[in-house]
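Student: Got a structure here, written out as structure tokens. Questions coming.
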Amino acid sequence: MKMKIATLAVGAVMAAAPAMADLVFPSLSYRTGPYAAGGIPFADGYADYFTLLNERDGGIGGVPTRLVECETGYNTEKGVECYEATKGEGSLVYQPLSTGITYQLIPKTAADGIPLHTMGYGRTSAANGKVFGNVFNYPANYWDGASIAVNHLLDLNGGDIGGKKISLVYHNSAYGKEPIRTLEELSKKHGFDFKAIPVDHPGQEQKSQWLQIRRERPDYVLMWGWGVMNQVAIQEAANIRFPMENFIGIWWSGSENDVLPAGDGANGYKSLALHGTGSNYPIYTDIQKFVVDAGKAAGAGDQIGTVLYSRGMYAAMLAAEAVKKAQAIHGTGDITPAQMRDGMEALEISAETLEANGMPGFGPEFSVSCENHGGPGLGMVQQWDASAQSWSLITDFIGSDKDVIGPLIAEDSAAFAAENNISERCN
Amino acid sequence: MPEQLLFAVEVTLNGLMAGVMYALVALGFVLIFKASGIFNYAQGVMALFAALTLVGLQNGQIPFAHLINAIFGTKLHHFGWHMPAVLAILLAAGVMVILAILVERYLLKHLVNQEPIILFMATIGLAYFMEGIGDLMWGSDIKKMDVGLPQGGSFWIEENTQWLGFGNENFYGFFLDQLDIVATVIAAILVAGLVIFSQYTKQGRAMRAVADDHQAALSVGISLRFIWVLVWSIAGFVALVAGIMWGAKSGVQFSLSLIALKALPVLMLGGFTSIPGAIVGGLIIGVGEKLFEFSIGPLVGGATENWFAYVLALIFLVFRPQGLFGEKIIERV
């Protein structure tokens with residue numbers, strides 16, 4: 001009986017004591033299902049970076065981080081369930097790695113006052129901070145990606161792609177359709193012939209599309225794919241002996257997963273890159289020392305250094321930098337989601353920031369503002385070397401055509417504002 | 001020959017080849033449905049599981065390595081061998097036989113005389129279970145299928161059909177993927193083998209007897225349990241062949257299980273109980289969807305293949321509910 005009373009007393013004291021502060025980062029991951037091969041490395045990179053901060057620095061600003069992982073299976077309904085299940089944990093920012101989930105979370109996060117960061121995916125016009133106060137998609141979005149690809153082709157052709165034939169092979173979904181409008185506008189501006197070729201989900205059978213490409217012989221093929229669509233497209237391109245150096249994927253069509261199944265046939269394939277590639281950055285030494293060697297690596301610990309692992313790590317670094325900014329603005333370590341939003345809106349990533357994080361030159365330098373939640377819209381181009389089984393960056397950061405993209409963003413965000421009765425901020 | 005006609009012929013040939021690939025998946029469904037009346041929802045996952053097992057064995061991957069490492073803190077990954085493809089295929093087929101025995105013993109045996117819908121739901125559970133076990137055993141990463149199958153368009157066919165264009169520079173000869181040609185040959189051998197097995201062997205005849213009438217077969221001493229194991233083993237082998245062919249196209253990954261979606265219209269069209277029906281259904285769907293995409297697709301924005309296959313199957317259903325080769329259902333009042 002005495003024992004029971006003592007136990008109850010300890011329990012009561014523990015319940016009454018204030019919870020230890022921590023910075024909560026939900027991870028809406030997908031480690032199972034058809035898209036797991038892309039979801040796992042991103043989730044591992046995201047988790048390992050926060051583990052590194054805890055192990056090496058004791059958290060951010062002295063406050064430990066806590067990752068709350070929830071499996072979505074890349075399913076929009078499950079993603080929303082995960083959001084509802086984790087938002088009460090004090091979640092600071094959501095990064096769902098799914099355009100479908102993003103569209104569902106935009107109104108929910110706005111109502112709950114939790115920021116949403118969709119790095120290189122999601123709703124492109126969310127770059128307009130005057131309308132989308134809670135959503136951020138820096139450092140680049142899909143429309144930037146389309147423009148960066150075209151600018152790369154302009155560079156390759158001495159600034160003139162008039163009369164060239166450019167086809168877009170795209171996932172027949174909201175995600176895949178994103179670049180079409182931009183490419184149509186760019187085709188008018190630069191005089192190239194543009195053709196969009198859809199591939200239905202999941203994209204396992206693409207014979208018709210690639211026979212069409214073989215018949216029409218475009219000069220360049222761009223791809224907006226995800227999951228199995230990428231691997232099949234690259235294999236089919238190799239099958240019809242399409243010149244791989246003229247085949248360029250968006251950054252979601254440029255991981256090791258996409259090219260390895262095609263073997264030597266994928267040699268020379270290009271994709272856009274949001275960030276650096278390979279593991280020749282000082283941060284990887286720290287990850288090895290403080291995370292892997294300590295037995296704290298996420299998942300199986302076998303994804304370190306891959307493209308999508310690096311992307312998860314980069315996304316986590318940007319979130320951590322926003323936390324530091326928020327802590328500085330509000331003078332507190334244990335920030336709220338609203339304060340996190342302020343930190344994201346005042347985020348500045350300089351060369352020194354990247355250097356200090358062990359990622360020199362890994363991403364672009366940029367700053368976020370109330371008006372611009374989309375960042376600078378920069379990206380690089382990487383190329384696959386099948387014999388070395390590695391990606392190499394073949395360009396520096398390339399900018400997007402803001403003259404074309406700016407009005408499109410303004411138009412789309414204005415329509416969203418009108419539909420949802422939102423009045424513009426930042427005045 | 002006019003350019004568009006040549007292209008239409010090329011599309012038709014490729015449609016036939018694609019149809020064979022669909023038929024390979026549909027065959028597994030037909031075998032199990034014919035022998036036991038079960039619509040096996042897990043057939044697509046069986047193809048995935050078989051392909052995962054094949055590649056895992058070939059690469060010397062230690063099954064459940066991630067789980068073992070997480071529990072015991074070890075760093076096991078590979079046995080350190082690279083197994084010849086033929087041996088790996090035989091072993092993977094052996095694993096599918098073991099799976100068939102387990103399915104019969106722990107699932108079907110307990111559901112004898114249940115309604116078809118109960119059995120169907122049990123296969124849904126089986127699909128989820130196998131997907132999870134496959135993930136635990138071999139991991140979720142995409143694996144290259146390398147069993148020596150040729151890939152890419154055939155140069156020989158391309159060069160030797162170029163003359164059909166009579167100098168038309170827009171026609172480069174017919175494109176036929178070597179993998180599709182191999183798949184067609186393998187499918188033909190598989191169907192011939194299945195027909196010979198079911199017509200001329202004791203077990204094959206027993207299988208047909210069970211398919212015709214369970215109770216009559218039981219009354220003459222045929223073991224229902226043995227036949228179920230046999231049928232699921234053959235369906236497992238067919239799944240392995242389908243997994244190899246589709247895995248060679250896209251790499252072995254979890255979306256491989258979605259190839260079942262391609263088999264459904266084939267089954268609706270060809271009939272759930274006919275092996276030739278699966279082949280003919282596959283060819284009709286393959287050619288139909290490719291020609292529709294070629295001729296009408298550009299007018300409606302493309303991506304017509306997925307829905308067109310189902311529409312075509314539904315049209316057939318209106319006029320022939322049992323499918324082209326399915327058994328006519330006669331209900332006596």
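Naming works like this for the structure tokens: A, B, ... for the chains as they're shown, residue 1 at the start of each chain, ligands 1 onward in shown order.
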Once you count only C-alpha atoms, which residues of chain A turn out to be within 8 Å of chain B? Could you give them as a VMD selection string?
Tutor: chain A and resid 31 to 37 172 197 to 200 202 204 207 to 208 211 215 228 231 to 232 235 to 236 238 to 241 257 260 to 263 300
Student: Just N, CA, C and O atoms for this one: save the residues we selected as a short mmCIF file (atom, residue, chain, number, x, y, z; two decimals), in the first residue's frame.
Tutor:
```cif
data_model
loop_
_atom_site.label_atom_id
_atom_site.label_comp_id
_atom_site.auth_asym_id
_atom_site.auth_seq_id
_atom_site.Cartn_x
_atom_site.Cartn_y
_atom_site.Cartn_z
N ARG A 31 7.42 5.90 -45.76
CA ARG A 31 8.43 4.84 -45.78
C ARG A 31 7.84 3.54 -46.32
O ARG A 31 8.55 2.53 -46.37
N THR A 32 6.56 3.54 -46.65
CA THR A 32 5.93 2.35 -47.21
C THR A 32 5.18 2.74 -48.49
O THR A 32 4.94 3.92 -48.72
N GLY A 33 4.82 1.74 -49.27
CA GLY A 33 4.01 1.97 -50.47
C GLY A 33 4.84 2.26 -51.71
O GLY A 33 6.07 2.24 -51.67
N PRO A 34 4.13 2.56 -52.81
CA PRO A 34 4.79 2.69 -54.10
C PRO A 34 5.83 3.82 -54.18
O PRO A 34 6.69 3.80 -55.04
N TYR A 35 5.71 4.82 -53.32
CA TYR A 35 6.62 5.96 -53.41
C TYR A 35 7.67 5.97 -52.29
O TYR A 35 8.36 6.95 -52.08
N ALA A 36 7.78 4.83 -51.58
CA ALA A 36 8.69 4.76 -50.43
C ALA A 36 10.14 5.02 -50.82
O ALA A 36 10.90 5.61 -50.06
N ALA A 37 10.52 4.59 -52.02
CA ALA A 37 11.92 4.74 -52.42
C ALA A 37 12.33 6.22 -52.44
O ALA A 37 13.51 6.54 -52.23
N ASN A 172 0.28 12.83 -65.13
CA ASN A 172 -1.02 13.44 -65.39
C ASN A 172 -1.76 13.73 -64.08
O ASN A 172 -2.75 13.09 -63.74
N ILE A 197 2.99 15.93 -73.21
CA ILE A 197 2.59 14.53 -73.37
C ILE A 197 2.31 13.93 -71.98
O ILE A 197 3.24 13.72 -71.20
N PRO A 198 1.03 13.67 -71.68
CA PRO A 198 0.72 13.16 -70.33
C PRO A 198 0.97 11.67 -70.17
O PRO A 198 0.85 10.90 -71.13
N VAL A 199 1.31 11.28 -68.96
CA VAL A 199 1.45 9.86 -68.59
C VAL A 199 0.57 9.64 -67.38
O VAL A 199 0.71 10.32 -66.36
N ASP A 200 -0.36 8.68 -67.49
CA ASP A 200 -1.27 8.44 -66.37
C ASP A 200 -0.55 7.74 -65.21
O ASP A 200 0.38 6.97 -65.43
N PRO A 202 0.22 4.95 -62.52
CA PRO A 202 1.50 5.33 -61.93
C PRO A 202 2.60 5.54 -62.97
O PRO A 202 3.68 5.99 -62.62
N GLN A 204 3.66 3.02 -65.29
CA GLN A 204 4.43 1.80 -65.52
C GLN A 204 4.48 1.43 -67.00
O GLN A 204 5.37 0.73 -67.43
N LYS A 207 4.59 3.09 -73.40
CA LYS A 207 5.00 2.79 -74.78
C LYS A 207 4.44 3.83 -75.75
O LYS A 207 5.16 4.31 -76.63
N SER A 208 3.16 4.18 -75.59
CA SER A 208 2.54 5.13 -76.53
C SER A 208 3.28 6.46 -76.54
O SER A 208 3.53 7.04 -77.60
N LEU A 211 6.69 6.12 -78.23
CA LEU A 211 6.56 5.94 -79.69
C LEU A 211 6.25 7.29 -80.33
O LEU A 211 6.74 7.61 -81.41
N ARG A 215 8.40 9.24 -83.10
CA ARG A 215 7.86 9.72 -84.38
C ARG A 215 8.13 11.20 -84.59
O ARG A 215 8.50 11.63 -85.66
N VAL A 228 7.59 5.54 -60.02
CA VAL A 228 7.94 4.60 -61.08
C VAL A 228 7.93 5.26 -62.46
O VAL A 228 8.61 4.82 -63.37
N GLN A 231 11.55 6.08 -63.60
CA GLN A 231 12.41 4.96 -64.02
C GLN A 231 11.98 4.42 -65.38
O GLN A 231 12.83 4.11 -66.23
N VAL A 232 10.67 4.31 -65.58
CA VAL A 232 10.18 3.77 -66.86
C VAL A 232 10.50 4.75 -67.99
O VAL A 232 10.93 4.34 -69.07
N GLN A 235 14.11 4.51 -68.93
CA GLN A 235 14.35 3.24 -69.65
C GLN A 235 13.80 3.32 -71.08
O GLN A 235 14.47 2.92 -72.03
N GLU A 236 12.60 3.87 -71.22
CA GLU A 236 12.00 3.96 -72.56
C GLU A 236 12.79 4.92 -73.45
O GLU A 236 12.94 4.68 -74.65
N ALA A 238 15.94 5.41 -73.26
CA ALA A 238 17.13 4.65 -73.67
C ALA A 238 16.75 3.64 -74.76
O ALA A 238 17.50 3.43 -75.71
N ASN A 239 15.56 3.04 -74.62
CA ASN A 239 15.12 2.04 -75.60
C ASN A 239 15.00 2.62 -77.01
O ASN A 239 15.35 1.97 -77.99
N ILE A 240 14.45 3.84 -77.10
CA ILE A 240 14.30 4.43 -78.45
C ILE A 240 15.56 5.19 -78.85
O ILE A 240 15.59 5.86 -79.87
N ARG A 241 16.59 5.08 -78.03
CA ARG A 241 17.90 5.71 -78.27
C ARG A 241 17.76 7.24 -78.41
O ARG A 241 18.38 7.87 -79.27
N ASN A 257 17.61 6.68 -57.53
CA ASN A 257 16.54 5.70 -57.77
C ASN A 257 16.05 5.74 -59.21
O ASN A 257 15.62 4.73 -59.76
N LEU A 260 19.32 4.35 -61.76
CA LEU A 260 20.02 3.06 -61.57
C LEU A 260 19.34 1.89 -62.30
O LEU A 260 20.04 1.07 -62.91
N PRO A 261 18.00 1.78 -62.27
CA PRO A 261 17.40 0.62 -62.94
C PRO A 261 17.69 0.55 -64.44
O PRO A 261 17.71 -0.52 -65.01
N ALA A 262 17.92 1.70 -65.08
CA ALA A 262 18.18 1.69 -66.53
C ALA A 262 19.63 1.36 -66.84
O ALA A 262 20.00 1.22 -68.02
N GLY A 263 20.48 1.24 -65.85
CA GLY A 263 21.88 0.86 -66.06
C GLY A 263 22.61 1.86 -66.95
O GLY A 263 22.43 3.08 -66.82
N ALA A 300 17.48 2.83 -41.96
CA ALA A 300 18.55 1.83 -41.97
C ALA A 300 19.93 2.49 -42.04
O ALA A 300 20.95 1.79 -42.03
#
```
Student: Skipping near chain neighbours, those fewer than 2 positions away, what residues fall within 12 Å of Gly191 of chain A using only C-alpha atoms, listed as a PDB file with all heavy atoms, in the first residue's frame?
Tutor:
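Output saved as part35.pdb:
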```pdb
ATOM      1  N   VAL A 150      14.540  25.806 -69.458  1.00  0.00           N
ATOM      2  CA  VAL A 150      14.571  26.516 -70.746  1.00  0.00           C
ATOM      3  C   VAL A 150      15.805  27.415 -70.819  1.00  0.00           C
ATOM      4  O   VAL A 150      16.474  27.488 -71.865  1.00  0.00           O
ATOM      5  CB  VAL A 150      13.263  27.318 -70.939  1.00  0.00           C
ATOM      6  CG1 VAL A 150      13.376  28.266 -72.132  1.00  0.00           C
ATOM      7  CG2 VAL A 150      12.087  26.370 -71.136  1.00  0.00           C
ATOM      8  N   LEU A 154      18.709  27.509 -73.568  1.00  0.00           N
ATOM      9  CA  LEU A 154      19.160  28.740 -74.231  1.00  0.00           C
ATOM     10  C   LEU A 154      20.680  28.850 -74.167  1.00  0.00           C
ATOM     11  O   LEU A 154      21.335  29.180 -75.154  1.00  0.00           O
ATOM     12  CB  LEU A 154      18.514  29.961 -73.561  1.00  0.00           C
ATOM     13  CG  LEU A 154      17.049  30.241 -73.932  1.00  0.00           C
ATOM     14  CD1 LEU A 154      16.421  31.214 -72.939  1.00  0.00           C
ATOM     15  CD2 LEU A 154      16.953  30.801 -75.353  1.00  0.00           C
ATOM     16  N   GLY A 159      21.691  31.077 -76.939  1.00  0.00           N
ATOM     17  CA  GLY A 159      20.629  32.062 -76.683  1.00  0.00           C
ATOM     18  C   GLY A 159      19.477  31.997 -77.665  1.00  0.00           C
ATOM     19  O   GLY A 159      18.561  32.822 -77.610  1.00  0.00           O
ATOM     20  N   ASP A 160      19.479  31.019 -78.578  1.00  0.00           N
ATOM     21  CA  ASP A 160      18.398  30.957 -79.569  1.00  0.00           C
ATOM     22  C   ASP A 160      17.835  29.536 -79.657  1.00  0.00           C
ATOM     23  O   ASP A 160      18.507  28.619 -80.125  1.00  0.00           O
ATOM     24  CB  ASP A 160      18.938  31.391 -80.934  1.00  0.00           C
ATOM     25  CG  ASP A 160      17.852  31.370 -82.008  1.00  0.00           C
ATOM     26  OD1 ASP A 160      16.659  31.315 -81.635  1.00  0.00           O
ATOM     27  OD2 ASP A 160      18.210  31.391 -83.201  1.00  0.00           O
ATOM     28  N   ILE A 161      16.617  29.362 -79.228  1.00  0.00           N
ATOM     29  CA  ILE A 161      15.969  28.047 -79.367  1.00  0.00           C
ATOM     30  C   ILE A 161      14.714  28.170 -80.239  1.00  0.00           C
ATOM     31  O   ILE A 161      13.828  27.326 -80.184  1.00  0.00           O
ATOM     32  CB  ILE A 161      15.641  27.411 -77.994  1.00  0.00           C
ATOM     33  CG1 ILE A 161      14.884  28.385 -77.091  1.00  0.00           C
ATOM     34  CG2 ILE A 161      16.887  26.903 -77.310  1.00  0.00           C
ATOM     35  CD1 ILE A 161      14.400  27.756 -75.794  1.00  0.00           C
ATOM     36  N   GLY A 162      14.671  29.220 -81.026  1.00  0.00           N
ATOM     37  CA  GLY A 162      13.554  29.424 -81.954  1.00  0.00           C
ATOM     38  C   GLY A 162      13.484  28.252 -82.936  1.00  0.00           C
ATOM     39  O   GLY A 162      14.498  27.852 -83.500  1.00  0.00           O
ATOM     40  N   GLY A 163      12.297  27.695 -83.107  1.00  0.00           N
ATOM     41  CA  GLY A 163      12.112  26.589 -84.049  1.00  0.00           C
ATOM     42  C   GLY A 163      12.451  25.220 -83.492  1.00  0.00           C
ATOM     43  O   GLY A 163      12.172  24.208 -84.127  1.00  0.00           O
ATOM     44  N   LYS A 164      13.067  25.187 -82.308  1.00  0.00           N
ATOM     45  CA  LYS A 164      13.370  23.876 -81.694  1.00  0.00           C
ATOM     46  C   LYS A 164      12.063  23.243 -81.210  1.00  0.00           C
ATOM     47  O   LYS A 164      11.104  23.936 -80.862  1.00  0.00           O
ATOM     48  CB  LYS A 164      14.308  24.046 -80.489  1.00  0.00           C
ATOM     49  CG  LYS A 164      15.681  24.620 -80.853  1.00  0.00           C
ATOM     50  CD  LYS A 164      16.629  23.540 -81.297  1.00  0.00           C
ATOM     51  CE  LYS A 164      18.012  24.119 -81.588  1.00  0.00           C
ATOM     52  NZ  LYS A 164      18.819  23.221 -82.410  1.00  0.00           N
ATOM     53  N   LYS A 165      12.085  21.915 -81.153  1.00  0.00           N
ATOM     54  CA  LYS A 165      10.905  21.208 -80.639  1.00  0.00           C
ATOM     55  C   LYS A 165      11.198  20.713 -79.215  1.00  0.00           C
ATOM     56  O   LYS A 165      12.174  19.976 -79.014  1.00  0.00           O
ATOM     57  CB  LYS A 165      10.574  20.013 -81.538  1.00  0.00           C
ATOM     58  CG  LYS A 165       9.995  20.435 -82.882  1.00  0.00           C
ATOM     59  CD  LYS A 165       9.232  19.304 -83.544  1.00  0.00           C
ATOM     60  CE  LYS A 165      10.164  18.389 -84.307  1.00  0.00           C
ATOM     61  NZ  LYS A 165       9.462  17.375 -85.103  1.00  0.00           N
ATOM     62  N   ILE A 166      10.388  21.149 -78.274  1.00  0.00           N
ATOM     63  CA  ILE A 166      10.572  20.729 -76.878  1.00  0.00           C
ATOM     64  C   ILE A 166       9.284  20.057 -76.401  1.00  0.00           C
ATOM     65  O   ILE A 166       8.198  20.642 -76.487  1.00  0.00           O
ATOM     66  CB  ILE A 166      10.913  21.933 -75.967  1.00  0.00           C
ATOM     67  CG1 ILE A 166      12.214  22.596 -76.446  1.00  0.00           C
ATOM     68  CG2 ILE A 166      11.032  21.489 -74.511  1.00  0.00           C
ATOM     69  CD1 ILE A 166      12.608  23.836 -75.667  1.00  0.00           C
ATOM     70  N   LEU A 183       5.620  26.899 -69.553  1.00  0.00           N
ATOM     71  CA  LEU A 183       6.309  26.499 -70.777  1.00  0.00           C
ATOM     72  C   LEU A 183       5.589  27.048 -72.016  1.00  0.00           C
ATOM     73  O   LEU A 183       6.234  27.403 -73.010  1.00  0.00           O
ATOM     74  CB  LEU A 183       6.428  24.976 -70.843  1.00  0.00           C
ATOM     75  CG  LEU A 183       7.461  24.389 -69.857  1.00  0.00           C
ATOM     76  CD1 LEU A 183       7.325  22.879 -69.749  1.00  0.00           C
ATOM     77  CD2 LEU A 183       8.892  24.755 -70.262  1.00  0.00           C
ATOM     78  N   GLU A 184       4.261  27.135 -71.927  1.00  0.00           N
ATOM     79  CA  GLU A 184       3.523  27.728 -73.058  1.00  0.00           C
ATOM     80  C   GLU A 184       3.908  29.203 -73.233  1.00  0.00           C
ATOM     81  O   GLU A 184       4.126  29.672 -74.346  1.00  0.00           O
ATOM     82  CB  GLU A 184       2.008  27.602 -72.818  1.00  0.00           C
ATOM     83  CG  GLU A 184       1.484  26.193 -73.072  1.00  0.00           C
ATOM     84  CD  GLU A 184       0.039  25.977 -72.628  1.00  0.00           C
ATOM     85  OE1 GLU A 184      -0.502  26.854 -71.908  1.00  0.00           O
ATOM     86  OE2 GLU A 184      -0.520  24.928 -72.970  1.00  0.00           O
ATOM     87  N   GLU A 185       3.990  29.896 -72.103  1.00  0.00           N
ATOM     88  CA  GLU A 185       4.380  31.320 -72.177  1.00  0.00           C
ATOM     89  C   GLU A 185       5.810  31.461 -72.704  1.00  0.00           C
ATOM     90  O   GLU A 185       6.097  32.332 -73.522  1.00  0.00           O
ATOM     91  CB  GLU A 185       4.272  31.965 -70.788  1.00  0.00           C
ATOM     92  CG  GLU A 185       2.857  32.073 -70.255  1.00  0.00           C
ATOM     93  CD  GLU A 185       1.965  32.947 -71.122  1.00  0.00           C
ATOM     94  OE1 GLU A 185       2.437  34.006 -71.571  1.00  0.00           O
ATOM     95  OE2 GLU A 185       0.805  32.551 -71.379  1.00  0.00           O
ATOM     96  N   LEU A 186       6.687  30.583 -72.213  1.00  0.00           N
ATOM     97  CA  LEU A 186       8.093  30.649 -72.645  1.00  0.00           C
ATOM     98  C   LEU A 186       8.229  30.285 -74.126  1.00  0.00           C
ATOM     99  O   LEU A 186       9.104  30.815 -74.819  1.00  0.00           O
ATOM    100  CB  LEU A 186       8.957  29.717 -71.782  1.00  0.00           C
ATOM    101  CG  LEU A 186       9.182  30.204 -70.338  1.00  0.00           C
ATOM    102  CD1 LEU A 186       9.795  29.098 -69.478  1.00  0.00           C
ATOM    103  CD2 LEU A 186      10.079  31.439 -70.309  1.00  0.00           C
ATOM    104  N   SER A 187       7.367  29.389 -74.604  1.00  0.00           N
ATOM    105  CA  SER A 187       7.452  29.012 -76.027  1.00  0.00           C
ATOM    106  C   SER A 187       7.065  30.208 -76.901  1.00  0.00           C
ATOM    107  O   SER A 187       7.632  30.411 -77.968  1.00  0.00           O
ATOM    108  CB  SER A 187       6.574  27.800 -76.322  1.00  0.00           C
ATOM    109  OG  SER A 187       5.230  28.163 -76.388  1.00  0.00           O
ATOM    110  N   LYS A 188       6.100  31.006 -76.410  1.00  0.00           N
ATOM    111  CA  LYS A 188       5.725  32.208 -77.171  1.00  0.00           C
ATOM    112  C   LYS A 188       6.886  33.203 -77.196  1.00  0.00           C
ATOM    113  O   LYS A 188       7.186  33.807 -78.203  1.00  0.00           O
ATOM    114  CB  LYS A 188       4.515  32.891 -76.511  1.00  0.00           C
ATOM    115  CG  LYS A 188       3.188  32.194 -76.772  1.00  0.00           C
ATOM    116  CD  LYS A 188       2.069  32.963 -76.083  1.00  0.00           C
ATOM    117  CE  LYS A 188       0.955  32.024 -75.666  1.00  0.00           C
ATOM    118  NZ  LYS A 188       0.147  32.549 -74.570  1.00  0.00           N
ATOM    119  N   LYS A 189       7.547  33.307 -76.047  1.00  0.00           N
ATOM    120  CA  LYS A 189       8.620  34.289 -75.931  1.00  0.00           C
ATOM    121  C   LYS A 189       9.851  33.897 -76.760  1.00  0.00           C
ATOM    122  O   LYS A 189      10.465  34.744 -77.395  1.00  0.00           O
ATOM    123  CB  LYS A 189       9.001  34.431 -74.449  1.00  0.00           C
ATOM    124  CG  LYS A 189      10.083  35.471 -74.191  1.00  0.00           C
ATOM    125  CD  LYS A 189      10.292  35.699 -72.706  1.00  0.00           C
ATOM    126  CE  LYS A 189      11.420  36.696 -72.482  1.00  0.00           C
ATOM    127  NZ  LYS A 189      11.620  37.003 -71.075  1.00  0.00           N
ATOM    128  N   ASP A 193       8.700  25.190 -80.413  1.00  0.00           N
ATOM    129  CA  ASP A 193       7.440  24.426 -80.503  1.00  0.00           C
ATOM    130  C   ASP A 193       7.317  23.584 -79.247  1.00  0.00           C
ATOM    131  O   ASP A 193       8.200  22.783 -78.954  1.00  0.00           O
ATOM    132  CB  ASP A 193       7.464  23.484 -81.720  1.00  0.00           C
ATOM    133  CG  ASP A 193       7.464  24.259 -83.012  1.00  0.00           C
ATOM    134  OD1 ASP A 193       6.914  25.368 -83.021  1.00  0.00           O
ATOM    135  OD2 ASP A 193       8.040  23.764 -84.003  1.00  0.00           O
ATOM    136  N   PHE A 194       6.218  23.747 -78.559  1.00  0.00           N
ATOM    137  CA  PHE A 194       6.049  23.031 -77.289  1.00  0.00           C
ATOM    138  C   PHE A 194       4.922  22.024 -77.392  1.00  0.00           C
ATOM    139  O   PHE A 194       3.858  22.322 -77.933  1.00  0.00           O
ATOM    140  CB  PHE A 194       5.753  24.041 -76.170  1.00  0.00           C
ATOM    141  CG  PHE A 194       5.353  23.389 -74.872  1.00  0.00           C
ATOM    142  CD1 PHE A 194       6.257  22.609 -74.169  1.00  0.00           C
ATOM    143  CD2 PHE A 194       4.059  23.537 -74.369  1.00  0.00           C
ATOM    144  CE1 PHE A 194       5.880  22.000 -72.979  1.00  0.00           C
ATOM    145  CE2 PHE A 194       3.682  22.933 -73.185  1.00  0.00           C
ATOM    146  CZ  PHE A 194       4.596  22.155 -72.488  1.00  0.00           C
TER     147      PHE A 194
END
```
Student: Would you kindly return, as a PyMOL selection string, each protein, DNA or RNA residue with an atom no farther than 8 Å from any atom of Leu264 of chain B, considering only C-alpha atoms and excluding same-chain residues fewer than 4 positions away?
Tutor: chain B and resi 26+260+268
Student: So that I can check the secondary structure, give me every residue of segment 175-297 of chain A assigned strand (DSSP E or B) by backbone DSSP, as a list of chain:residue names.
Tutor: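 Those in segment 175-297 of chain A that DSSP calls strand (DSSP E or B) are A:Asp193, A:Phe194, A:Lys195, A:Ala196, A:Ile197, A:Pro198, A:Val199, A:Tyr220, A:Val221, A:Leu222, A:Met223, A:Trp224, A:Phe247, A:Ile248, A:Gly249, A:Lys270, A:Ser271, A:Leu272, A:Ala273.
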Student: One decimal, Å: what's the distance from atom CA of Trp163 of chain B over to atom CA of Leu6 of chain B, could you say?
Tutor: 11.2 Å
Student: Have a look at B:Ile234, B:Ile157, B:Leu317, B:Leu107 and name the one nearest to Leu267 of chain B; count only C-alpha atoms.
Tutor: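 Comparing B:Ile234, B:Ile157, B:Leu317, B:Leu107 against Leu267 of chain B, the winner is B:Leu317.
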Student: Fewer than 4 positions away in the same chain doesn't count, so skip those; otherwise give me all residues within 12 Å of Gly62 of chain A, counting only C-alpha atoms, as an NGL selection string.
Tutor: :A and (21-23 or 53-58 or 323-324 or 327 or 332-335)
Student: DSSP on the backbone: which residues in segment 240-303 of chain A end up as alpha helix (DSSP H)? Give the answer as a ChimeraX atom specification.
Tutor: /A:256-259,282-286
Student: Mind checking which residues fall within 6 Å of Thr99 of chain A, counting only C-alpha atoms, ignoring those fewer than 2 positions away in the same chain, and posting them as a count of residues only?
Tutor: 3
